[in-house]
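Student: Sharing a structure with you now.
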Amino acid sequence: MGPLYKFGWFDFAYGLQMAGLIGFLFGFVLERAGFGNVRKLTAIFYLRDFAVLKVMFTAIVVCMLGLLYFSLFGWIDLGRVYLLPTYIWPQIVGGLVLGVGFVMGGYCPTTSIAATVSGRLDGLIFIVGMMIGSIIFAEIFPLLEKFYSAGNMGAVRLTDVLHLNSGVVALLVCLMAVGAYWFVEKVENRFGHRDSLPGGSKRAKRIAAGVLILLGLILALINPDRIVAQRPSPQALIKKKVVDMQKPVPGAEKPSSTGFEIVEDEGC
Amino acid sequence: MNQRYANPYLMGALLGLVLLFSFYIMGRGLGSSASFARLATAGVDLVAPAHAKANPYLGKYLSGGRSPLMAWLVFLSMGAALGGLFSAFISNRVKGEVARGPSIGVSARLWLALGGGILSGFAARLARGCTSGQALTGASELAFGSWIFMFSIFAGAYATAYFFRKEWL
């Protein structure tokens, strides 16, 4: 059962190696999508190319469905996945400022890495700027401390706010994503340059949209929260796992007692 | 230079699977902005160690008895740099230049990149994450604040895009 690290399958050092691998795939996919190209990134703000939104929403929907189905099949314990806490005011203000930084500098933090390694000097300057911005934040942190913790709602999910179960929320997210794809493609056709946009057959898009909505609908109908709640607590499973772990697994290192801790606001 | 990029829906689905893999293996998602904050912390620690340790925010990265760079996200960012380089290299897209729109000069573009970077670095610390660590990772977990954050990014960018149009168009 996942997350493997939380169940003591490997230690900090092995986790860092996994970070390198996951990061490699992350950077590779971003560059493939064209996110090392600043003009492609910013084209979304001038209604010409919505690749940023398409990649982002698709990744969110695929991962969301994956997490919910994995949890349903008993492959992952969502209670052990680090859930980002909600501090509503700093998140709203931070989001607005990050948006201005995005359209001014042309990148967001991760895409600036893709640009820098592609040889773009402006990407490197953006990174230097981010380091300066981080230091400025730290230097005036005593002044901001109160606002930084304003609107603390704890680890709340959309399900808590909307009072709906995860399955219904998943269906709503799928419908919103498909609606957004349909809308932005209309806008692209109006303002974008046809030849600079990657194509893709209409038929494939319709089938994919249908599959997304179907997967969401299944979750909405079976209510995964209820099924997962009826399971024996994962605590019981852990004890069993630890006994199993007495025999060293080939390739995996011994779990260490000094495993690393996730700092509370290590979101990004 | 090859300007044809991969299908965004396909890349989005792949990115979602990478994120799911990260959740399954480590119980946490992707991210990058904290690695720049950590790099900056390491720099401050090198120049003025007493000052860095006294600062409540930087001190957080320095606690724990190991280098601020011995962190999961720092290794993730290094991997992302290699992965991005590999992808750009195989498509012949590695090129030394200052990327900008046709109606802006090099030095103006670099100053704006610096300004945008400063705003982004500051905002990412304030919001406890950036587009990947907060918006992407949190939204897929259905975290409420992450969805609000994501729509705030779009709102901030669309509201000010008009003023930066000469930089890109």
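Here, A, B, ... name the chains of the structure tokens in the order displayed, residue numbers run from 1 inside each chain, and ligands are numbered from 1 in the same displayed order.
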Taking 2 positions as the minimum chain separation for residues in the same chain, which residues sit within 12 Å of segment 138-154 of chain A when counting only C-alpha atoms? Answer as a PDB file with C-alpha atoms, in the first residue's frame.

Tutor:
ATOM      1  CA  LEU A  83      -2.413  17.593   2.117  1.00  0.00           C
ATOM      2  CA  LEU A  84      -1.630  21.264   1.611  1.00  0.00           C
ATOM      3  CA  PRO A  85      -3.265  23.351   4.352  1.00  0.00           C
ATOM      4  CA  THR A  86      -5.492  26.278   3.421  1.00  0.00           C
ATOM      5  CA  TYR A  87      -4.521  29.796   4.544  1.00  0.00           C
ATOM      6  CA  ILE A  88      -7.018  31.611   2.427  1.00  0.00           C
ATOM      7  CA  TRP A  89      -5.766  35.237   2.517  1.00  0.00           C
ATOM      8  CA  PRO A  90      -2.065  34.714   1.843  1.00  0.00           C
ATOM      9  CA  GLN A  91      -3.062  32.253  -0.873  1.00  0.00           C
ATOM     10  CA  ILE A  92      -5.303  34.759  -2.632  1.00  0.00           C
ATOM     11  CA  VAL A  93      -2.750  37.585  -2.402  1.00  0.00           C
ATOM     12  CA  GLY A  94       0.152  35.237  -3.226  1.00  0.00           C
ATOM     13  CA  MET A 131      16.074  33.956  -4.980  1.00  0.00           C
ATOM     14  CA  ILE A 132      16.093  37.702  -4.277  1.00  0.00           C
ATOM     15  CA  GLY A 133      12.319  37.622  -3.761  1.00  0.00           C
ATOM     16  CA  SER A 134      12.653  34.744  -1.298  1.00  0.00           C
ATOM     17  CA  ILE A 135      15.281  36.657   0.700  1.00  0.00           C
ATOM     18  CA  ILE A 136      13.137  39.815   0.722  1.00  0.00           C
ATOM     19  CA  VAL A 156      -9.681  21.398   4.095  1.00  0.00           C
ATOM     20  CA  ARG A 157     -10.696  19.941   0.763  1.00  0.00           C
ATOM     21  CA  LEU A 158     -13.303  21.033  -1.742  1.00  0.00           C
ATOM     22  CA  ASP A 160     -15.571  19.884   3.037  1.00  0.00           C
ATOM     23  CA  VAL A 161     -16.386  23.302   1.630  1.00  0.00           C
ATOM     24  CA  GLU A 264       4.794  22.324   7.230  1.00  0.00           C
ATOM     25  CA  ASP A 265       4.880  24.793   4.343  1.00  0.00           C
TER      26      ASP A 265
ATOM     27  CA  ALA B  37      14.415  29.664  -1.427  1.00  0.00           C
ATOM     28  CA  ARG B  38      16.759  26.966  -0.093  1.00  0.00           C
ATOM     29  CA  ALA B  40      19.104  31.566  -1.470  1.00  0.00           C
ATOM     30  CA  THR B  41      19.241  30.444   2.176  1.00  0.00           C
ATOM     31  CA  VAL B  44      22.931  33.899   2.894  1.00  0.00           C
ATOM     32  CA  HIS B  51      22.211  36.615  10.299  1.00  0.00           C
ATOM     33  CA  ALA B  52      20.711  33.627   8.473  1.00  0.00           C
ATOM     34  CA  LYS B  53      20.277  31.604  11.654  1.00  0.00           C
ATOM     35  CA  ALA B  54      18.693  34.547  13.471  1.00  0.00           C
ATOM     36  CA  ASN B  55      16.057  35.023  10.770  1.00  0.00           C
ATOM     37  CA  PRO B  56      12.924  33.096  11.717  1.00  0.00           C
ATOM     38  CA  TYR B  57      12.076  32.132   8.139  1.00  0.00           C
ATOM     39  CA  LEU B  58      15.569  31.221   6.880  1.00  0.00           C
ATOM     40  CA  GLY B  59      16.286  29.557  10.221  1.00  0.00           C
ATOM     41  CA  LYS B  60      13.549  27.036   9.421  1.00  0.00           C
ATOM     42  CA  TYR B  61      15.535  25.802   6.408  1.00  0.00           C
ATOM     43  CA  GLY B 121       9.763  34.302  -5.450  1.00  0.00           C
ATOM     44  CA  PHE B 122       8.074  36.518  -2.872  1.00  0.00           C
ATOM     45  CA  ALA B 123       4.553  35.354  -3.760  1.00  0.00           C
ATOM     46  CA  ALA B 124       5.481  31.677  -3.713  1.00  0.00           C
ATOM     47  CA  ARG B 125       6.789  32.009  -0.151  1.00  0.00           C
ATOM     48  CA  LEU B 126       3.686  33.920   0.918  1.00  0.00           C
ATOM     49  CA  ALA B 127       1.311  31.353  -0.587  1.00  0.00           C
ATOM     50  CA  ARG B 128       3.412  28.365   0.556  1.00  0.00           C
ATOM     51  CA  ALA B 143      -7.244  21.040  -1.452  1.00  0.00           C
ATOM     52  CA  PHE B 144      -9.518  24.065  -1.175  1.00  0.00           C
ATOM     53  CA  GLY B 145      -6.805  26.727  -0.857  1.00  0.00           C
TER      54      GLY B 145
END

Student: Quick check for you: according to DSSP on this backbone, which residues of chain B are classed as alpha helix (DSSP H)? Reply as an MDAnalysis selection string.

Tutor: chainID B and resid 8:26 33:47 49:54 56:62 72:90 106:126 137:140 144:160 165:168

Student: Okay, now the selection with C-alpha atoms, as a CSV table (one decimal), in the first residue's frame?

Tutor:
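Produced file out.csv, reproduced below:
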chain,number,residue,atom,x,y,z
B,8,PRO,CA,-0.8,19.5,-24.6
B,9,TYR,CA,-3.5,17.1,-23.6
B,10,LEU,CA,-1.1,14.1,-23.9
B,11,MET,CA,1.6,15.9,-22.0
B,12,GLY,CA,-0.9,16.9,-19.3
B,13,ALA,CA,-2.0,13.3,-18.9
B,14,LEU,CA,1.7,12.3,-18.6
B,15,LEU,CA,2.3,15.0,-16.1
B,16,GLY,CA,-0.7,13.8,-14.1
B,17,LEU,CA,0.8,10.3,-14.1
B,18,VAL,CA,4.2,11.6,-12.9
B,19,LEU,CA,2.4,13.4,-10.1
B,20,LEU,CA,0.4,10.3,-9.2
B,21,PHE,CA,3.7,8.3,-9.1
B,22,SER,CA,5.2,10.9,-6.8
B,23,PHE,CA,2.2,10.6,-4.5
B,24,TYR,CA,2.3,6.9,-4.5
B,25,ILE,CA,6.1,6.7,-3.9
B,26,MET,CA,6.6,9.6,-1.4
B,33,SER,CA,10.0,27.3,-5.7
B,34,ALA,CA,11.2,26.1,-2.3
B,35,SER,CA,14.4,24.8,-3.9
B,36,PHE,CA,15.2,28.4,-4.9
B,37,ALA,CA,14.4,29.7,-1.4
B,38,ARG,CA,16.8,27.0,-0.1
B,39,LEU,CA,19.5,27.9,-2.6
B,40,ALA,CA,19.1,31.6,-1.5
B,41,THR,CA,19.2,30.4,2.2
B,42,ALA,CA,22.4,28.5,1.5
B,43,GLY,CA,23.9,31.7,-0.1
B,44,VAL,CA,22.9,33.9,2.9
B,45,ASP,CA,24.3,31.3,5.3
B,46,LEU,CA,27.6,31.3,3.4
B,47,VAL,CA,28.0,35.1,3.6
B,49,PRO,CA,25.7,32.7,8.9
B,50,ALA,CA,24.7,34.4,12.1
B,51,HIS,CA,22.2,36.6,10.3
B,52,ALA,CA,20.7,33.6,8.5
B,53,LYS,CA,20.3,31.6,11.7
B,54,ALA,CA,18.7,34.5,13.5
B,56,PRO,CA,12.9,33.1,11.7
B,57,TYR,CA,12.1,32.1,8.1
B,58,LEU,CA,15.6,31.2,6.9
B,59,GLY,CA,16.3,29.6,10.2
B,60,LYS,CA,13.5,27.0,9.4
B,61,TYR,CA,15.5,25.8,6.4
B,62,LEU,CA,18.8,25.7,8.4
B,72,TRP,CA,13.6,16.5,-1.5
B,73,LEU,CA,12.6,19.5,-3.7
B,74,VAL,CA,16.1,20.5,-4.4
B,75,PHE,CA,16.8,17.1,-5.9
B,76,LEU,CA,13.5,17.2,-7.7
B,77,SER,CA,14.5,20.6,-9.3
B,78,MET,CA,17.9,19.2,-10.3
B,79,GLY,CA,16.2,16.3,-11.9
B,80,ALA,CA,13.8,18.7,-13.7
B,81,ALA,CA,16.8,20.6,-15.0
B,82,LEU,CA,18.3,17.4,-16.5
B,83,GLY,CA,15.0,16.2,-17.9
B,84,GLY,CA,14.3,19.6,-19.5
B,85,LEU,CA,17.8,19.7,-21.0
B,86,PHE,CA,17.4,16.2,-22.4
B,87,SER,CA,14.1,17.1,-24.0
B,88,ALA,CA,15.4,20.3,-25.4
B,89,PHE,CA,18.5,18.6,-26.7
B,90,ILE,CA,16.8,15.8,-28.5
B,106,VAL,CA,17.2,42.8,-24.6
B,107,SER,CA,18.0,44.9,-21.5
B,108,ALA,CA,14.3,45.8,-20.9
B,109,ARG,CA,13.4,42.2,-21.2
B,110,LEU,CA,16.0,41.1,-18.7
B,111,TRP,CA,14.9,43.8,-16.2
B,112,LEU,CA,11.3,42.6,-16.5
B,113,ALA,CA,12.5,39.0,-16.0
B,114,LEU,CA,14.3,40.0,-12.8
B,115,GLY,CA,11.2,41.9,-11.6
B,116,GLY,CA,8.9,39.1,-12.4
B,117,GLY,CA,11.2,36.7,-10.7
B,118,ILE,CA,11.3,38.8,-7.5
B,119,LEU,CA,7.5,39.0,-7.4
B,120,SER,CA,7.2,35.3,-8.1
B,121,GLY,CA,9.8,34.3,-5.5
B,122,PHE,CA,8.1,36.5,-2.9
B,123,ALA,CA,4.6,35.4,-3.8
B,124,ALA,CA,5.5,31.7,-3.7
B,125,ARG,CA,6.8,32.0,-0.2
B,126,LEU,CA,3.7,33.9,0.9
B,137,THR,CA,-0.3,19.3,-6.5
B,138,GLY,CA,-2.9,20.7,-4.2
B,139,ALA,CA,-5.7,20.9,-6.8
B,140,SER,CA,-5.3,17.2,-7.7
B,144,PHE,CA,-9.5,24.1,-1.2
B,145,GLY,CA,-6.8,26.7,-0.9
B,146,SER,CA,-4.9,25.4,-3.9
B,147,TRP,CA,-8.0,25.9,-6.1
B,148,ILE,CA,-8.4,29.4,-4.9
B,149,PHE,CA,-4.7,30.0,-5.4
B,150,MET,CA,-4.8,28.7,-9.0
B,151,PHE,CA,-7.7,31.0,-10.0
B,152,SER,CA,-5.9,33.9,-8.2
B,153,ILE,CA,-2.9,33.3,-10.5
B,154,PHE,CA,-5.0,33.5,-13.6
B,155,ALA,CA,-6.8,36.6,-12.2
B,156,GLY,CA,-3.6,38.4,-11.4
B,157,ALA,CA,-2.1,37.6,-14.8
B,158,TYR,CA,-5.1,38.5,-16.9
B,159,ALA,CA,-5.7,41.7,-15.0
B,160,THR,CA,-2.2,43.0,-15.8
B,165,ARG,CA,1.7,43.3,-24.1
B,166,LYS,CA,4.7,45.1,-25.7
B,167,GLU,CA,7.0,42.5,-24.0
B,168,TRP,CA,5.4,39.6,-25.8

Student: Calculated over only C-alpha atoms, which of the candidates A:Ile44, A:Val55, A:Arg203, A:Asn223 has the smallest distance to Arg32 of chain A?

Tutor: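 Closest candidate: A:Val55.
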
Student: Write out as number ranges by chain which residues come within 10 Å of Val228 of chain A when counting only C-alpha atoms, dropping same-chain ones fewer than 6 positions away.

Tutor: A: 68, 71-74, 77-78

Student: Using only C-alpha atoms, which of A:Leu65, A:Leu175, A:Ala13, A:Val117 sits nearest chain B?

Tutor: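 Among A:Leu65, A:Leu175, A:Ala13, A:Val117, it is A:Val117 that comes nearest to chain B.
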
Student: Find the residues around Val178 of chain A up to 12 Å (only C-alpha atoms counted), leave out those fewer than 2 positions away in its own chain, and share them as a list in words.

Tutor: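 So the residues in contact are Leu53, Lys54, Phe57, Thr58, Val61, Leu171, Leu172, Val173, Cys174, Leu175, Met176, Ala180, Tyr181, Trp182, Phe183, Val184, Glu185, Lys205, Arg206, Ile207, Ala208, Ala209, Gly210, Val211, Leu212, Ile213, Leu214 and Gly216 of chain A; Tyr9 of chain B.
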
Student: For the residues in that selection, give me C-alpha atoms as an mmCIF file, in the first residue's frame.

Tutor:
data_model
loop_
_atom_site.group_PDB
_atom_site.id
_atom_site.type_symbol
_atom_site.label_atom_id
_atom_site.label_comp_id
_atom_site.auth_asym_id
_atom_site.auth_seq_id
_atom_site.Cartn_x
_atom_site.Cartn_y
_atom_site.Cartn_z
ATOM 1 C CA LEU A 53 -4.305 25.601 -19.081
ATOM 2 C CA LYS A 54 -4.700 22.372 -21.055
ATOM 3 C CA PHE A 57 -6.110 20.907 -16.011
ATOM 4 C CA THR A 58 -5.382 17.552 -17.655
ATOM 5 C CA VAL A 61 -7.849 15.610 -13.551
ATOM 6 C CA LEU A 171 -17.307 14.457 -11.501
ATOM 7 C CA LEU A 172 -17.704 18.244 -11.221
ATOM 8 C CA VAL A 173 -13.958 18.747 -11.781
ATOM 9 C CA CYS A 174 -14.055 16.469 -14.864
ATOM 10 C CA LEU A 175 -17.045 18.386 -16.275
ATOM 11 C CA MET A 176 -15.342 21.713 -15.567
ATOM 12 C CA ALA A 180 -12.799 24.588 -20.204
ATOM 13 C CA TYR A 181 -11.119 22.649 -23.054
ATOM 14 C CA TRP A 182 -14.118 23.220 -25.286
ATOM 15 C CA PHE A 183 -14.219 26.930 -24.451
ATOM 16 C CA VAL A 184 -10.499 27.666 -24.835
ATOM 17 C CA GLU A 185 -10.349 25.861 -28.173
ATOM 18 C CA LYS A 205 -10.624 14.463 -28.144
ATOM 19 C CA ARG A 206 -14.300 13.465 -27.966
ATOM 20 C CA ILE A 207 -13.431 9.921 -26.853
ATOM 21 C CA ALA A 208 -10.982 11.208 -24.214
ATOM 22 C CA ALA A 209 -13.549 13.697 -22.896
ATOM 23 C CA GLY A 210 -16.121 10.890 -22.715
ATOM 24 C CA VAL A 211 -13.718 8.657 -20.784
ATOM 25 C CA LEU A 212 -12.972 11.427 -18.266
ATOM 26 C CA ILE A 213 -16.638 12.116 -17.635
ATOM 27 C CA LEU A 214 -17.415 8.396 -17.396
ATOM 28 C CA GLY A 216 -15.965 10.807 -12.822
ATOM 29 C CA TYR B 9 -3.517 17.071 -23.553
#

Student: Residues near Val38 of chain A, anyone? I mean within 8 Å using only C-alpha atoms, not counting same-chain ones fewer than 5 positions away, as a ChimeraX atom specification.

Tutor: /A:106-107,115 /B:99-100

Student: Using N, CA and C atoms, can you write the selected residues to a file as a compact mmCIF listing (two decimals), in the first residue's frame?

Tutor:
# COMPACT_ATOMS: atom_id res chain seq x y z
N GLY A 106 7.40 36.18 -17.44
CA GLY A 106 7.20 35.21 -18.51
C GLY A 106 7.20 33.76 -18.05
N TYR A 107 7.63 33.53 -16.83
CA TYR A 107 7.73 32.15 -16.35
C TYR A 107 7.03 31.99 -15.01
N ALA A 115 13.42 26.68 -19.19
CA ALA A 115 13.94 27.71 -20.08
C ALA A 115 15.45 27.90 -19.90
N ALA B 99 14.97 35.24 -24.69
CA ALA B 99 13.67 35.03 -25.33
C ALA B 99 12.77 36.23 -25.04
N ARG B 100 12.17 36.81 -26.10
CA ARG B 100 11.32 38.00 -25.92
C ARG B 100 10.48 38.21 -27.16
